[in-house]
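Asker: This one is upload-v8.tsv, TSV, C-alpha atoms.
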chain	number	residue	atom	x	y	z
A	1	MET	CA	-136.13	25.52	56.75
A	2	ILE	CA	-132.82	23.89	56.59
A	3	GLY	CA	-132.18	21.59	52.93
A	4	ALA	CA	-127.39	21.50	51.32
A	5	LEU	CA	-126.68	23.71	52.56
A	6	ARG	CA	-129.50	19.74	52.34
A	7	THR	CA	-125.31	20.31	52.26
A	8	ALA	CA	-126.36	18.48	52.65
A	9	PHE	CA	-125.45	16.96	54.88
A	10	SER	CA	-122.12	15.42	54.38
A	11	THR	CA	-119.35	17.78	53.34
A	12	ALA	CA	-121.43	18.92	50.42
A	13	ALA	CA	-120.55	20.08	46.98
A	14	PRO	CA	-120.73	23.87	46.64
A	15	GLY	CA	-124.12	23.68	44.98
A	16	MET	CA	-125.44	21.52	47.82
A	17	LEU	CA	-124.06	23.92	50.39
A	18	LEU	CA	-125.81	26.74	48.59
A	19	ALA	CA	-128.96	24.68	48.89
A	20	ALA	CA	-128.36	24.63	52.63
A	21	LEU	CA	-128.22	28.40	52.58
A	22	ALA	CA	-131.30	28.64	50.42
A	23	PHE	CA	-133.11	26.11	52.49
A	24	SER	CA	-132.91	28.37	55.49
A	25	GLY	CA	-136.39	29.61	54.60
A	26	ALA	CA	-138.52	28.57	57.57
A	27	ALA	CA	-141.79	26.71	57.83
A	28	THR	CA	-144.73	29.01	57.48
A	29	GLY	CA	-148.28	29.46	58.58
A	30	ALA	CA	-151.53	28.94	56.77
A	31	ARG	CA	-152.04	32.48	55.44
A	32	ALA	CA	-152.83	32.21	51.72
A	33	GLU	CA	-150.98	34.43	49.28
A	34	SER	CA	-151.00	34.92	45.53
A	35	LEU	CA	-147.37	34.72	44.37
A	36	PRO	CA	-145.52	34.25	41.05
A	37	LEU	CA	-145.33	30.68	39.74
A	38	TRP	CA	-141.58	31.22	39.38
A	39	GLU	CA	-138.94	33.74	40.40
A	40	ALA	CA	-135.33	33.86	39.22
A	41	GLY	CA	-132.20	35.65	40.33
A	42	VAL	CA	-128.43	35.44	40.58
A	43	GLY	CA	-126.19	35.40	43.63
A	44	VAL	CA	-122.72	34.97	45.01
A	45	SER	CA	-121.54	32.97	48.02
A	46	VAL	CA	-118.45	32.40	50.14
A	47	ILE	CA	-118.20	28.89	51.62
A	48	ASP	CA	-115.49	27.23	53.75
A	49	PHE	CA	-115.48	23.47	54.51
A	50	PRO	CA	-113.20	20.39	54.82
A	51	GLU	CA	-112.17	18.64	51.60
A	52	TYR	CA	-114.08	15.56	52.77
A	53	ARG	CA	-115.61	14.46	56.06
A	54	GLY	CA	-112.71	13.69	58.36
A	55	SER	CA	-110.12	15.75	56.50
A	56	ALA	CA	-108.12	18.38	58.37
A	57	GLU	CA	-107.49	20.20	55.08
A	58	ARG	CA	-110.05	22.79	53.99
A	59	ARG	CA	-111.25	24.72	50.97
A	60	THR	CA	-112.75	28.17	50.59
A	61	TRP	CA	-114.91	28.78	47.54
A	62	VAL	CA	-116.29	32.03	46.13
A	63	LEU	CA	-119.05	30.95	43.78
A	64	PRO	CA	-121.91	32.43	41.76
A	65	PHE	CA	-125.19	30.55	41.87
A	66	PRO	CA	-128.71	30.77	40.43
A	67	TYR	CA	-131.54	31.66	42.80
A	68	ILE	CA	-134.73	29.94	41.64
A	69	VAL	CA	-138.18	29.64	43.17
A	70	TYR	CA	-140.76	27.44	41.44
A	71	ARG	CA	-144.17	26.84	43.01
A	72	GLY	CA	-145.55	23.98	40.91
A	73	GLU	CA	-147.94	21.39	42.26
A	74	TYR	CA	-145.43	18.52	42.16
A	75	LEU	CA	-142.10	20.14	41.24
A	76	LYS	CA	-140.94	22.77	43.70
A	77	ALA	CA	-137.84	24.88	44.16
A	78	ASP	CA	-137.95	27.25	47.09
A	79	GLU	CA	-136.13	28.77	50.05
A	80	ARG	CA	-137.60	26.27	52.45
A	81	ARG	CA	-136.52	22.95	50.97
A	82	GLY	CA	-134.41	23.53	47.86
A	83	VAL	CA	-135.30	21.68	44.62
A	84	ARG	CA	-137.53	18.66	45.07
A	85	GLY	CA	-140.09	16.48	43.36
A	86	LEU	CA	-143.15	16.05	45.56
A	87	PHE	CA	-144.72	12.60	45.10
A	88	PHE	CA	-147.17	12.50	48.00
A	89	LYS	CA	-148.33	14.98	50.62
A	90	THR	CA	-150.87	15.17	53.45
A	91	GLU	CA	-151.06	17.54	56.41
A	92	SER	CA	-148.58	15.40	58.38
A	93	VAL	CA	-146.71	13.17	55.88
A	94	GLU	CA	-144.76	13.98	52.71
A	95	LEU	CA	-142.71	11.92	50.25
A	96	ASP	CA	-140.18	13.79	48.13
A	97	VAL	CA	-136.70	13.46	46.63
A	98	SER	CA	-133.54	14.16	48.65
A	99	PHE	CA	-130.24	15.32	47.12
A	100	ASN	CA	-126.71	15.74	48.43
A	101	GLY	CA	-123.16	15.48	47.12
A	102	THR	CA	-119.45	15.96	47.68
A	103	VAL	CA	-116.72	17.82	45.82
A	104	PRO	CA	-113.84	16.08	43.99
A	105	VAL	CA	-110.53	15.81	45.85
A	106	LYS	CA	-107.13	15.69	44.19
A	107	SER	CA	-105.05	13.30	46.26
A	108	SER	CA	-101.85	15.06	45.20
A	109	GLU	CA	-103.12	18.14	47.07
A	110	ASN	CA	-104.20	16.31	50.23
A	111	ALA	CA	-101.48	15.16	52.63
A	112	ALA	CA	-103.37	12.11	53.92
A	113	ARG	CA	-104.14	10.84	50.41
A	114	GLN	CA	-100.76	11.42	48.71
A	115	GLY	CA	-100.17	8.72	46.09
A	116	MET	CA	-103.76	7.43	46.20
A	117	PRO	CA	-106.45	7.73	43.49
A	118	ASP	CA	-108.40	10.97	43.42
A	119	LEU	CA	-111.90	11.18	44.90
A	120	ASP	CA	-114.45	12.00	42.22
A	121	ALA	CA	-117.41	14.27	42.82
A	122	THR	CA	-120.46	12.41	44.09
A	123	LEU	CA	-124.18	12.90	43.69
A	124	GLU	CA	-126.57	11.43	46.25
A	125	VAL	CA	-130.23	11.04	45.31
A	126	GLY	CA	-133.12	9.10	46.76
A	127	PRO	CA	-136.57	9.27	48.40
A	128	SER	CA	-137.23	11.03	51.68
A	129	LEU	CA	-140.26	10.30	53.89
A	130	ASN	CA	-140.98	13.34	56.04
A	131	PHE	CA	-143.26	13.65	59.06
A	132	SER	CA	-144.64	16.86	60.55
A	133	LEU	CA	-144.40	16.31	64.32
A	134	LEU	CA	-145.32	19.65	65.92
A	135	LYS	CA	-146.56	23.09	64.94
A	136	SER	CA	-146.82	26.12	67.18
A	137	ALA	CA	-150.23	27.71	67.77
A	138	ASP	CA	-149.35	30.61	65.45
A	139	ARG	CA	-147.84	28.13	62.93
A	140	LYS	CA	-144.61	30.12	62.80
A	141	SER	CA	-142.56	27.20	64.15
A	142	THR	CA	-142.54	23.54	63.11
A	143	LEU	CA	-140.73	20.33	63.99
A	144	GLU	CA	-140.21	17.69	61.27
A	145	LEU	CA	-138.64	14.24	61.08
A	146	ARG	CA	-137.02	13.50	57.72
A	147	LEU	CA	-135.95	10.02	56.66
A	148	PRO	CA	-133.93	10.21	53.41
A	149	VAL	CA	-132.28	7.18	51.81
A	150	ARG	CA	-129.89	8.10	48.99
A	151	GLY	CA	-127.91	6.11	46.46
A	152	VAL	CA	-124.49	7.59	45.72
A	153	LEU	CA	-122.96	8.04	42.25
A	154	ALA	CA	-119.32	9.05	41.71
A	155	SER	CA	-118.15	10.60	38.45
A	156	ASP	CA	-115.33	12.57	36.83
A	157	PHE	CA	-117.74	13.28	33.92
A	158	SER	CA	-116.15	10.57	31.75
A	159	TYR	CA	-117.87	7.70	33.63
A	160	VAL	CA	-120.38	7.11	36.43
A	161	ASP	CA	-119.91	4.54	39.21
A	162	PHE	CA	-122.31	3.51	41.97
A	163	VAL	CA	-120.49	3.74	45.30
A	164	GLY	CA	-123.05	2.88	47.98
A	165	TRP	CA	-125.95	4.07	50.12
A	166	VAL	CA	-126.50	6.72	52.79
A	167	PHE	CA	-129.32	6.93	55.35
A	168	GLN	CA	-129.53	10.25	57.17
A	169	PRO	CA	-132.49	10.71	59.54
A	170	THR	CA	-132.79	14.27	60.79
A	171	LEU	CA	-134.94	16.44	63.03
A	172	ASN	CA	-135.65	19.86	61.55
A	173	VAL	CA	-136.87	22.91	63.49
A	174	ASP	CA	-138.02	25.96	61.50
A	175	THR	CA	-139.00	29.36	62.87
A	176	ARG	CA	-140.43	32.31	60.97
A	177	ASP	CA	-140.03	35.89	62.23
A	178	ALA	CA	-137.09	34.72	64.33
A	179	PHE	CA	-136.13	36.74	67.41
A	180	GLY	CA	-139.21	38.90	66.82
A	181	TYR	CA	-137.88	40.34	63.54
A	182	THR	CA	-140.36	40.12	60.67
A	183	GLY	CA	-139.18	38.04	57.71
A	184	TRP	CA	-136.12	36.47	59.32
A	185	LYS	CA	-136.14	32.69	59.10
A	186	LEU	CA	-134.13	30.49	61.42
A	187	GLY	CA	-133.66	26.74	61.20
A	188	PHE	CA	-131.83	23.93	62.95
A	189	LEU	CA	-131.31	20.46	61.53
A	190	GLY	CA	-129.36	17.56	62.98
A	191	GLY	CA	-129.02	13.82	63.15
A	192	PRO	CA	-126.85	10.75	62.65
A	193	VAL	CA	-125.41	9.51	59.37
A	194	TYR	CA	-125.42	5.82	58.39
A	195	SER	CA	-123.63	4.50	55.32
A	196	ASP	CA	-122.90	1.06	53.87
A	197	GLY	CA	-119.47	-0.53	53.55
A	198	ARG	CA	-119.09	0.30	49.88
A	199	TYR	CA	-119.58	4.01	50.54
A	200	ASN	CA	-117.22	3.99	53.52
A	201	ARG	CA	-114.53	2.14	51.58
A	202	TYR	CA	-114.77	4.67	48.74
A	203	PHE	CA	-113.79	7.49	51.07
A	204	TYR	CA	-111.79	5.83	53.86
A	205	ALA	CA	-110.26	2.54	52.68
A	206	VAL	CA	-106.52	2.20	52.08
A	207	ASP	CA	-105.76	-0.67	49.73
A	208	PRO	CA	-102.53	-2.59	50.45
A	209	ALA	CA	-101.02	-1.17	47.25
A	210	PHE	CA	-101.26	2.34	48.73
A	211	ALA	CA	-100.22	1.53	52.29
A	212	THR	CA	-97.14	3.24	53.72
A	213	ALA	CA	-95.31	3.26	57.04
A	214	THR	CA	-97.60	6.04	58.26
A	215	ARG	CA	-100.73	4.96	56.35
A	216	PRO	CA	-101.54	1.30	57.04
A	217	ALA	CA	-103.97	-0.72	54.95
A	218	TYR	CA	-107.54	-0.25	56.13
A	219	SER	CA	-110.99	-1.42	55.04
A	220	PRO	CA	-114.10	-0.27	56.98
A	221	GLY	CA	-117.52	-1.86	57.04
A	222	GLY	CA	-120.90	-0.18	57.07
A	223	GLY	CA	-122.76	1.38	59.96
A	224	TYR	CA	-122.81	4.56	62.02
A	225	GLY	CA	-120.97	7.42	60.32
A	226	GLY	CA	-121.07	10.20	62.89
A	227	ALA	CA	-123.53	13.09	63.16
A	228	GLN	CA	-124.08	16.53	61.68
A	229	PHE	CA	-125.86	19.66	62.86
A	230	ILE	CA	-126.72	22.79	60.84
A	231	ALA	CA	-128.05	26.22	61.81
A	232	ALA	CA	-129.18	28.58	59.06
A	233	LEU	CA	-130.56	32.12	59.02
A	234	SER	CA	-132.00	34.04	56.08
A	235	LYS	CA	-134.32	36.79	54.94
A	236	ARG	CA	-136.03	37.49	51.63
A	237	TYR	CA	-136.50	41.14	50.74
A	238	ARG	CA	-138.48	42.34	47.75
A	239	ASP	CA	-135.49	42.49	45.40
A	240	PHE	CA	-132.82	40.38	47.11
A	241	TRP	CA	-132.19	37.51	49.51
A	242	ILE	CA	-129.46	37.03	52.13
A	243	GLY	CA	-128.55	33.93	54.10
A	244	GLY	CA	-125.88	32.16	56.07
A	245	PHE	CA	-125.24	28.81	57.73
A	246	ALA	CA	-122.92	27.06	60.17
A	247	LYS	CA	-122.44	23.27	60.38
A	248	TRP	CA	-120.77	21.10	63.01
A	249	ASP	CA	-119.71	17.60	61.97
A	250	THR	CA	-118.46	14.86	64.30
A	251	LEU	CA	-117.04	11.43	63.43
A	252	ASN	CA	-116.67	10.28	67.03
A	253	GLY	CA	-117.87	6.67	67.18
A	254	ALA	CA	-118.04	6.29	63.39
A	255	VAL	CA	-117.18	2.84	62.05
A	256	PHE	CA	-114.43	4.39	59.89
A	257	ALA	CA	-113.08	6.80	62.54
A	258	ASP	CA	-109.82	4.84	62.82
A	259	SER	CA	-109.03	5.18	59.12
A	260	PRO	CA	-105.62	6.78	58.52
A	261	LEU	CA	-107.46	9.07	56.08
A	262	VAL	CA	-109.43	10.58	58.98
A	263	THR	CA	-107.23	13.39	60.22
A	264	ALA	CA	-109.93	15.41	62.02
A	265	ARG	CA	-112.85	13.81	63.87
A	266	GLN	CA	-114.66	17.10	64.35
A	267	SER	CA	-115.02	20.06	62.01
A	268	TRP	CA	-116.93	23.25	61.28
A	269	SER	CA	-118.23	24.56	57.97
A	270	GLY	CA	-119.89	27.84	57.16
A	271	GLY	CA	-121.00	30.17	54.43
A	272	ILE	CA	-122.80	33.38	53.53
A	273	ALA	CA	-124.63	34.31	50.35
A	274	ILE	CA	-126.62	37.09	48.73
A	275	ALA	CA	-128.86	36.92	45.66
A	276	TRP	CA	-130.62	39.55	43.59
A	277	MET	CA	-133.99	38.99	41.90
A	278	VAL	CA	-133.95	39.34	38.11
A	279	ASP	CA	-137.40	38.30	36.86
A	280	GLU	CA	-140.67	36.60	37.80
A	281	SER	CA	-143.60	35.02	36.00
A	282	LYS	CA	-146.85	36.82	35.30
A	283	ALA	CA	-148.72	33.64	36.23
A	284	ARG	CA	-149.73	33.55	39.89
A	285	VAL	CA	-150.46	30.64	42.25
A	286	GLU	CA	-152.17	30.48	45.63
A	287	THR	CA	-149.71	29.46	48.35
A	288	ASN	CA	-149.32	29.40	52.10
A	289	ASN	CA	-146.75	32.10	52.80
A	290	GLY	CA	-144.80	31.39	49.65
A	291	GLN	CA	-144.53	27.61	49.97
Output the structure of this file as structure tokens.
Answerer:
Amino acid sequence: MIGALRTAFSTAAPGMLLAALAFSGAATGARAESLPLWEAGVGVSVIDFPEYRGSAERRTWVLPFPYIVYRGEYLKADERRGVRGLFFKTESVELDVSFNGTVPVKSSENAARQGMPDLDATLEVGPSLNFSLLKSADRKSTLELRLPVRGVLASDFSYVDFVGWVFQPTLNVDTRDAFGYTGWKLGFLGGPVYSDGRYNRYFYAVDPAFATATRPAYSPGGGYGGAQFIAALSKRYRDFWIGGFAKWDTLNGAVFADSPLVTARQSWSGGIAIAWMVDESKARVETNNGQ
């Protein structure tokens, strides 16, 4: 179940946070179903989150988004895991692609970054090795360990720059028919964040040229970058889907926690969304409860 808002797990771009909502579809049992190869819809979301991890300043977005389910053999887009390319899969091990990202930040609109260069939007992409650890007897609940390693690209759409690496191991618990209510899917995901020095300097370094009396020069190294925890709840009806998430983020103990650009070591994010189905394919595929 949980995938950005696979937000995702840093303060994600709106699309990644929507993925975290969409990825609140829970793990499912072994009951075979014949379902459309693809389904498409449109939705709207309201999302509130810090401008970047460690920022006390926040943004609220009201955004439309596409709702897409694709049940291909190797390319999948679904409520459970968002969009992913599946390279390898057995009953207990899976290798796929992990995505995440962050929104751009205008330094002129952020008190801690006044006078500094803007932060461009980033895209994180890389392989994720996932292990199925436990399944309940009725197969309605699962526990997974996910080990994504992502390279990070920053861009303002006129150039692309590589800005480091992120490793974000997580434990993921998914439950179908949550609280005894048919169709409701509940998920919890959490774990530490590790990032290299280049990534940490992109977000938290203060070059001497931008140092002030209240913002001393600062240059972090790589290492532990705090931890994040997400809870998500959703339900798919015949003609529409609803979902919501809440995320707690802590930078306590992070290698860059003393940066003058970190103005809040703990934060909450959240969002709600609804999507309406528009069309589906005539082609059908055999699946296990829609996955």
Asker: Work out how far apart CA of Ser55 (chain A) and CA of Pro216 (chain A) are and give it in Å to one decimal.
Answerer: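 Going from CA of Ser55 (chain A) over to CA of Pro216 (chain A) covers 16.8 Å.
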Asker: Could you pull the residues within 6 Å of region 42-53 of chain A, counting only C-alpha atoms, minus those fewer than 4 positions along the same chain, as a list in words?
Answerer: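 Selected residues are Thr11, Glu57, Arg58, Arg59, Thr60, Trp61, Val62, Leu63, Pro64, Phe65, Pro66, Tyr67, Ser269, Gly270, Gly271, Ile272, Ala273, Ile274, Ala275 and Trp276 of chain A.
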Asker: Based on the selection just made, write C-alpha atoms of those residues as a PDB file, in the frame of the given file.
Answerer:
ATOM      1  CA  THR A  11    -119.350  17.780  53.340  1.00  0.00           C
ATOM      2  CA  GLU A  57    -107.490  20.200  55.080  1.00  0.00           C
ATOM      3  CA  ARG A  58    -110.050  22.790  53.990  1.00  0.00           C
ATOM      4  CA  ARG A  59    -111.250  24.720  50.970  1.00  0.00           C
ATOM      5  CA  THR A  60    -112.750  28.170  50.590  1.00  0.00           C
ATOM      6  CA  TRP A  61    -114.910  28.780  47.540  1.00  0.00           C
ATOM      7  CA  VAL A  62    -116.290  32.030  46.130  1.00  0.00           C
ATOM      8  CA  LEU A  63    -119.050  30.950  43.780  1.00  0.00           C
ATOM      9  CA  PRO A  64    -121.910  32.430  41.760  1.00  0.00           C
ATOM     10  CA  PHE A  65    -125.190  30.550  41.870  1.00  0.00           C
ATOM     11  CA  PRO A  66    -128.710  30.770  40.430  1.00  0.00           C
ATOM     12  CA  TYR A  67    -131.540  31.660  42.800  1.00  0.00           C
ATOM     13  CA  SER A 269    -118.230  24.560  57.970  1.00  0.00           C
ATOM     14  CA  GLY A 270    -119.890  27.840  57.160  1.00  0.00           C
ATOM     15  CA  GLY A 271    -121.000  30.170  54.430  1.00  0.00           C
ATOM     16  CA  ILE A 272    -122.800  33.380  53.530  1.00  0.00           C
ATOM     17  CA  ALA A 273    -124.630  34.310  50.350  1.00  0.00           C
ATOM     18  CA  ILE A 274    -126.620  37.090  48.730  1.00  0.00           C
ATOM     19  CA  ALA A 275    -128.860  36.920  45.660  1.00  0.00           C
ATOM     20  CA  TRP A 276    -130.620  39.550  43.590  1.00  0.00           C
TER      21      TRP A 276
END
Asker: May I have the protein, DNA and RNA residues with an atom at most 7 Å from (-107.1, 5.5, 57.0), counting all atoms listed in the file in the file's coordinates, returned as number ranges by chain?
Answerer: A: 204-206, 215-216, 218, 258-262
Asker: Could you name the residues that touch region 190-195 of chain A at 10 Å or less, counting only C-alpha atoms, but leaving out those on the same chain fewer than 5 positions away, as a tab-separated table (two decimals) with C-alpha atoms, keeping the file's coordinate frame?
Answerer:
chain	number	residue	atom	x	y	z
A	2	ILE	CA	-132.82	23.89	56.59
A	9	PHE	CA	-125.45	16.96	54.88
A	10	SER	CA	-122.12	15.42	54.38
A	145	LEU	CA	-138.64	14.24	61.08
A	146	ARG	CA	-137.02	13.50	57.72
A	149	VAL	CA	-132.28	7.18	51.81
A	150	ARG	CA	-129.89	8.10	48.99
A	151	GLY	CA	-127.91	6.11	46.46
A	164	GLY	CA	-123.05	2.88	47.98
A	165	TRP	CA	-125.95	4.07	50.12
A	166	VAL	CA	-126.50	6.72	52.79
A	167	PHE	CA	-129.32	6.93	55.35
A	168	GLN	CA	-129.53	10.25	57.17
A	169	PRO	CA	-132.49	10.71	59.54
A	170	THR	CA	-132.79	14.27	60.79
A	171	LEU	CA	-134.94	16.44	63.03
A	172	ASN	CA	-135.65	19.86	61.55
A	173	VAL	CA	-136.87	22.91	63.49
A	200	ASN	CA	-117.22	3.99	53.52
A	221	GLY	CA	-117.52	-1.86	57.04
A	222	GLY	CA	-120.90	-0.18	57.07
A	223	GLY	CA	-122.76	1.38	59.96
A	224	TYR	CA	-122.81	4.56	62.02
A	225	GLY	CA	-120.97	7.42	60.32
A	226	GLY	CA	-121.07	10.20	62.89
A	227	ALA	CA	-123.53	13.09	63.16
A	228	GLN	CA	-124.08	16.53	61.68
A	229	PHE	CA	-125.86	19.66	62.86
A	230	ILE	CA	-126.72	22.79	60.84
A	231	ALA	CA	-128.05	26.22	61.81
A	247	LYS	CA	-122.44	23.27	60.38
A	248	TRP	CA	-120.77	21.10	63.01
A	249	ASP	CA	-119.71	17.60	61.97
A	250	THR	CA	-118.46	14.86	64.30
A	251	LEU	CA	-117.04	11.43	63.43
A	254	ALA	CA	-118.04	6.29	63.39
A	255	VAL	CA	-117.18	2.84	62.05
Asker: Distance CA of Lys106 (chain A)-CA of Asn252 (chain A), one decimal place?
Answerer: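 Going from CA of Lys106 (chain A) over to CA of Asn252 (chain A), I get 25.3 Å.
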Asker: Tell me which of A:Leu233, A:Ala211, A:Leu129, A:Ala56 sits closest to Gln266 (chain A), counting all atoms listed in the file.
Answerer: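 The answer is A:Ala56, which sits nearest to Gln266 (chain A).
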Asker: Kindly reconstruct region 238-262 of chain A with N, CA and C atoms and present the result as a PDB file, keeping the file's coordinate frame.
Answerer:
ATOM      1  N   ARG A 238    -137.761  42.284  49.018  1.00  0.00           N
ATOM      2  CA  ARG A 238    -138.480  42.340  47.750  1.00  0.00           C
ATOM      3  C   ARG A 238    -137.557  42.038  46.579  1.00  0.00           C
ATOM      4  N   ASP A 239    -136.368  42.608  46.563  1.00  0.00           N
ATOM      5  CA  ASP A 239    -135.490  42.490  45.400  1.00  0.00           C
ATOM      6  C   ASP A 239    -134.225  41.684  45.643  1.00  0.00           C
ATOM      7  N   PHE A 240    -133.998  41.203  46.853  1.00  0.00           N
ATOM      8  CA  PHE A 240    -132.820  40.380  47.110  1.00  0.00           C
ATOM      9  C   PHE A 240    -133.037  39.478  48.305  1.00  0.00           C
ATOM     10  N   TRP A 241    -132.142  38.502  48.443  1.00  0.00           N
ATOM     11  CA  TRP A 241    -132.190  37.510  49.510  1.00  0.00           C
ATOM     12  C   TRP A 241    -130.798  37.397  50.130  1.00  0.00           C
ATOM     13  N   ILE A 242    -130.725  37.252  51.455  1.00  0.00           N
ATOM     14  CA  ILE A 242    -129.460  37.030  52.130  1.00  0.00           C
ATOM     15  C   ILE A 242    -129.584  35.825  53.062  1.00  0.00           C
ATOM     16  N   GLY A 243    -128.506  35.103  53.233  1.00  0.00           N
ATOM     17  CA  GLY A 243    -128.550  33.930  54.100  1.00  0.00           C
ATOM     18  C   GLY A 243    -127.170  33.500  54.540  1.00  0.00           C
ATOM     19  N   GLY A 244    -127.134  32.701  55.576  1.00  0.00           N
ATOM     20  CA  GLY A 244    -125.880  32.160  56.070  1.00  0.00           C
ATOM     21  C   GLY A 244    -126.126  30.872  56.841  1.00  0.00           C
ATOM     22  N   PHE A 245    -125.098  30.054  56.986  1.00  0.00           N
ATOM     23  CA  PHE A 245    -125.240  28.810  57.730  1.00  0.00           C
ATOM     24  C   PHE A 245    -123.940  28.476  58.455  1.00  0.00           C
ATOM     25  N   ALA A 246    -124.062  27.648  59.480  1.00  0.00           N
ATOM     26  CA  ALA A 246    -122.920  27.060  60.170  1.00  0.00           C
ATOM     27  C   ALA A 246    -123.231  25.589  60.402  1.00  0.00           C
ATOM     28  N   LYS A 247    -122.242  24.718  60.210  1.00  0.00           N
ATOM     29  CA  LYS A 247    -122.440  23.270  60.380  1.00  0.00           C
ATOM     30  C   LYS A 247    -121.333  22.686  61.233  1.00  0.00           C
ATOM     31  N   TRP A 248    -121.722  21.859  62.193  1.00  0.00           N
ATOM     32  CA  TRP A 248    -120.770  21.100  63.010  1.00  0.00           C
ATOM     33  C   TRP A 248    -120.899  19.638  62.645  1.00  0.00           C
ATOM     34  N   ASP A 249    -119.759  18.989  62.428  1.00  0.00           N
ATOM     35  CA  ASP A 249    -119.710  17.600  61.970  1.00  0.00           C
ATOM     36  C   ASP A 249    -118.799  16.822  62.906  1.00  0.00           C
ATOM     37  N   THR A 250    -119.289  15.698  63.438  1.00  0.00           N
ATOM     38  CA  THR A 250    -118.460  14.860  64.300  1.00  0.00           C
ATOM     39  C   THR A 250    -118.420  13.433  63.787  1.00  0.00           C
ATOM     40  N   LEU A 251    -117.223  12.834  63.803  1.00  0.00           N
ATOM     41  CA  LEU A 251    -117.040  11.430  63.430  1.00  0.00           C
ATOM     42  C   LEU A 251    -116.752  10.558  64.640  1.00  0.00           C
ATOM     43  N   ASN A 252    -116.893  11.077  65.828  1.00  0.00           N
ATOM     44  CA  ASN A 252    -116.670  10.280  67.030  1.00  0.00           C
ATOM     45  C   ASN A 252    -117.621   9.089  67.030  1.00  0.00           C
ATOM     46  N   GLY A 253    -117.069   7.884  67.172  1.00  0.00           N
ATOM     47  CA  GLY A 253    -117.870   6.670  67.180  1.00  0.00           C
ATOM     48  C   GLY A 253    -118.183   6.117  65.809  1.00  0.00           C
ATOM     49  N   ALA A 254    -117.766   6.793  64.744  1.00  0.00           N
ATOM     50  CA  ALA A 254    -118.040   6.290  63.390  1.00  0.00           C
ATOM     51  C   ALA A 254    -117.253   5.009  63.131  1.00  0.00           C
ATOM     52  N   VAL A 255    -117.817   4.126  62.312  1.00  0.00           N
ATOM     53  CA  VAL A 255    -117.180   2.840  62.050  1.00  0.00           C
ATOM     54  C   VAL A 255    -115.863   2.998  61.304  1.00  0.00           C
ATOM     55  N   PHE A 256    -115.670   4.149  60.648  1.00  0.00           N
ATOM     56  CA  PHE A 256    -114.430   4.390  59.890  1.00  0.00           C
ATOM     57  C   PHE A 256    -113.534   5.421  60.585  1.00  0.00           C
ATOM     58  N   ALA A 257    -113.824   5.740  61.851  1.00  0.00           N
ATOM     59  CA  ALA A 257    -113.080   6.800  62.540  1.00  0.00           C
ATOM     60  C   ALA A 257    -111.602   6.493  62.681  1.00  0.00           C
ATOM     61  N   ASP A 258    -111.227   5.215  62.678  1.00  0.00           N
ATOM     62  CA  ASP A 258    -109.820   4.840  62.820  1.00  0.00           C
ATOM     63  C   ASP A 258    -109.068   4.788  61.501  1.00  0.00           C
ATOM     64  N   SER A 259    -109.715   5.152  60.404  1.00  0.00           N
ATOM     65  CA  SER A 259    -109.030   5.180  59.120  1.00  0.00           C
ATOM     66  C   SER A 259    -107.875   6.171  59.160  1.00  0.00           C
ATOM     67  N   PRO A 260    -106.722   5.808  58.579  1.00  0.00           N
ATOM     68  CA  PRO A 260    -105.620   6.780  58.520  1.00  0.00           C
ATOM     69  C   PRO A 260    -105.942   7.991  57.650  1.00  0.00           C
ATOM     70  N   LEU A 261    -107.045   7.925  56.897  1.00  0.00           N
ATOM     71  CA  LEU A 261    -107.460   9.070  56.080  1.00  0.00           C
ATOM     72  C   LEU A 261    -108.324  10.046  56.879  1.00  0.00           C
ATOM     73  N   VAL A 262    -108.718   9.664  58.087  1.00  0.00           N
ATOM     74  CA  VAL A 262    -109.430  10.580  58.980  1.00  0.00           C
ATOM     75  C   VAL A 262    -108.406  11.318  59.812  1.00  0.00           C
TER      76      VAL A 262
END
